[in-house]
Amino acid sequence: MRKRPLVILSTVAAATLLLAGCSGSGAPESSSTPDPTASSSCALDAQPGDTSDAVVVDGEGADTKITVPADAAFAGVERTVVSAGDGEDIGVGDLVSVQYQIIDAATGDVLDSSARGEGGLLPVLLDTNQSSLFVAALECEPVGSRVVLTLPGNVLGEGANNVVVYAEAVEHLPEVATGTPVDPTPGMPAVELDKAGKPTVTIPDGDAPTETKVAVLKQGDGATVASGDLVVVQYLGVKWSDGSEFDSSWSRDAAPAQFQTTGVVAGFQKALEGQKVGSQVVVVMPPADGYGASEGHELQKESLVFVVDILATTPVQPQQ
């Protein structure tokens, strides 16, 4: 599904990848999909220290003010729980809504925050390949916990300043589409769901598609996916020619996948952009909007069908 490696999405993306490297998880190959797997143990297991303990957190919600002492040592990656929540514990692979600030410790500037999200929250998939910063901050703590994570510049890259992350996971988010069912569209593949929400696709009689078509199976009412957004989905991909599966998040322990809409084949991008979170769609596409331009690809001459549950979308932070 992916046509190229994920791009850097924020001013601290380098930190997330470096933290993943420190934990033994490399960046995914361009031909693979991230495979986050829930674990009973902590992946990064950051511990409290003098620096994280010294960060002052005043206020709550959007009014939270973070103050970093000028003499903070930043000797290593540290995490302090400011206040413990009372929800379920958070693990790798979870999809959660998060209120956060990421602060340059040297200047006090906010590098990124969830303020641009609806209600001051943004969805985060705790994926060690792409979101290790939030894995380090939130894993193995209950929902509702308020956490400070401190990162020395030497783990962020040459010349980088020290960084402080303040984060609170507000709730677990659904990992299947929760929208209202819509009547099937004539001529499109039939889709049936099992009790867990996993789809099965039946290819209709007739010729393969000559143009990409999208039909809504469930209508969500969440945020609208825009071009370039970072999306979180469950998906199943099958060949039109024989209905056989070639790729599926459901076959990887139903672990949601995360990518930028501009980082997938054209037909998949058309299926996502303009849809609302909570929706489930089915898309059919000819090779030209799939892998037709990928010389030697096993799917180069295949028309494709995807069923996609759209779970979350995040506007990409403008580069500074």
# chains A, B, ... in the order shown; residues from 1 in each chain; ligands from 1
$ residues_around --residues "Arg79 of chain A" --least-positions-apart "2" --cutoff "7 Å" --atoms "only C-alpha atoms" --output "list of chain:residue names"
A:Ala46, A:Gln47, A:Pro48, A:Ser52, A:Val81, A:Ala137, A:Val147, A:Val148, A:Leu149, A:Thr150
$ closest_atom_pairs --of "segment 94-155 of chain A" --to "segment 168-190 of chain A" --cutoff "7 Å" --atoms "only C-alpha atoms" --output "CSV"
residue,atom,partner,partner_atom,distance
A:Leu95,CA,A:Leu173,CA,5.5
A:Val96,CA,A:His172,CA,4.4
A:Ser97,CA,A:Val170,CA,5.6
A:Val98,CA,A:Ala169,CA,4.4
A:Gln99,CA,A:Glu168,CA,5.3
A:Tyr100,CA,A:Glu168,CA,6.4
A:Val143,CA,A:Ala169,CA,5.4
A:Gly144,CA,A:Val170,CA,5.3
A:Ser145,CA,A:Glu168,CA,5.7
A:Arg146,CA,A:Glu168,CA,4.7
A:Val147,CA,A:Glu168,CA,6.3
$ write_last_selection --atoms "N, CA and C atoms" --output "CSV table (one decimal), in the first residue's frame"
chain,number,residue,atom,x,y,z
A,95,LEU,N,-4.5,3.3,20.4
A,95,LEU,CA,-4.9,4.6,19.7
A,95,LEU,C,-5.6,5.4,20.8
A,96,VAL,N,-5.0,6.6,21.1
A,96,VAL,CA,-5.5,7.4,22.2
A,96,VAL,C,-5.6,8.8,21.8
A,97,SER,N,-6.5,9.6,22.4
A,97,SER,CA,-6.5,11.0,22.2
A,97,SER,C,-5.6,11.7,23.3
A,98,VAL,N,-4.8,12.6,22.9
A,98,VAL,CA,-3.8,13.2,23.7
A,98,VAL,C,-3.8,14.7,23.7
A,99,GLN,N,-3.6,15.2,24.9
A,99,GLN,CA,-3.3,16.7,25.0
A,99,GLN,C,-1.9,16.8,25.3
A,100,TYR,N,-1.1,17.6,24.6
A,100,TYR,CA,0.3,17.6,24.8
A,100,TYR,C,0.9,19.0,24.4
A,143,VAL,N,-4.9,5.8,31.6
A,143,VAL,CA,-5.5,6.9,30.9
A,143,VAL,C,-5.8,8.0,32.0
A,144,GLY,N,-5.5,9.2,31.6
A,144,GLY,CA,-5.8,10.3,32.6
A,144,GLY,C,-4.5,10.8,33.3
A,145,SER,N,-3.4,10.0,33.2
A,145,SER,CA,-2.2,10.4,33.8
A,145,SER,C,-1.6,11.6,33.1
A,146,ARG,N,-1.0,12.5,33.9
A,146,ARG,CA,-0.3,13.7,33.4
A,146,ARG,C,1.2,13.4,33.6
A,147,VAL,N,1.9,13.5,32.4
A,147,VAL,CA,3.3,13.0,32.4
A,147,VAL,C,4.2,14.1,31.9
$ atom_distance --atom1 "atom CA of Ala73 of chain A" --atom2 "atom CA of Gly49 of chain A"
9.8 Å
$ select_by_dssp --residues "segment 105-137 of chain A" --states "alpha helix (DSSP H)" --output "ChimeraX atom specification"
/A:132-137
$ write_last_selection --atoms "N, CA and C atoms" --output "CSV table (one decimal), in the first residue's frame"
chain,number,residue,atom,x,y,z
A,132,SER,N,7.5,7.1,18.9
A,132,SER,CA,8.2,6.6,20.1
A,132,SER,C,8.3,7.7,21.2
A,133,LEU,N,8.2,8.9,20.8
A,133,LEU,CA,8.2,10.0,21.8
A,133,LEU,C,7.0,9.8,22.7
A,134,PHE,N,5.8,9.5,22.1
A,134,PHE,CA,4.6,9.4,22.9
A,134,PHE,C,4.6,8.0,23.6
A,135,VAL,N,5.2,7.0,23.0
A,135,VAL,CA,5.3,5.7,23.6
A,135,VAL,C,6.1,5.9,24.9
A,136,ALA,N,7.2,6.6,24.9
A,136,ALA,CA,8.1,6.8,26.0
A,136,ALA,C,7.3,7.6,27.1
A,137,ALA,N,6.5,8.6,26.7
A,137,ALA,CA,5.7,9.4,27.6
A,137,ALA,C,4.5,8.7,28.3
$ atom_distance --atom1 "atom CA of Asp253 of chain A" --atom2 "atom CA of Gly197 of chain A"
12.5 Å
$ closest_residue --among "A:Asp94, A:Leu304, A:Thr64, A:Val155" --to "Ala115 of chain A" --atoms "only C-alpha atoms"
A:Thr64
$ atom_distance --atom1 "atom CA of Val68 of chain A" --atom2 "atom CA of Val55 of chain A"
5.0 Å
$ closest_residue --among "A:Val164, A:Leu125, A:Cys140, A:Val82" --to "Gly108 of chain A" --atoms "only C-alpha atoms"
A:Val164
$ select_by_dssp --residues "segment 196-300 of chain A" --states "strand (DSSP E or B)" --output "number ranges by chain"
A: 199-202, 213-219, 224, 230-239, 245-248, 257-260, 264, 276, 280-285
$ closest_residue --among "A:Tyr291, A:Trp240, A:Tyr166, A:Phe74" --to "Leu151 of chain A" --atoms "only C-alpha atoms"
A:Phe74
$ closest_residue --among "A:Gln219, A:Leu44, A:Ile103, A:Val165" --to "Glu139 of chain A" --atoms "only C-alpha atoms"
A:Leu44
$ closest_residue --among "A:Trp250, A:Gln269, A:Ala167, A:Gly263" --to "Asp194 of chain A" --atoms "only C-alpha atoms"
A:Trp250
$ closest_residue --among "A:Ala54, A:Ala208, A:Leu311, A:Leu299" --to "Met285 of chain A" --atoms "only C-alpha atoms"
A:Ala208
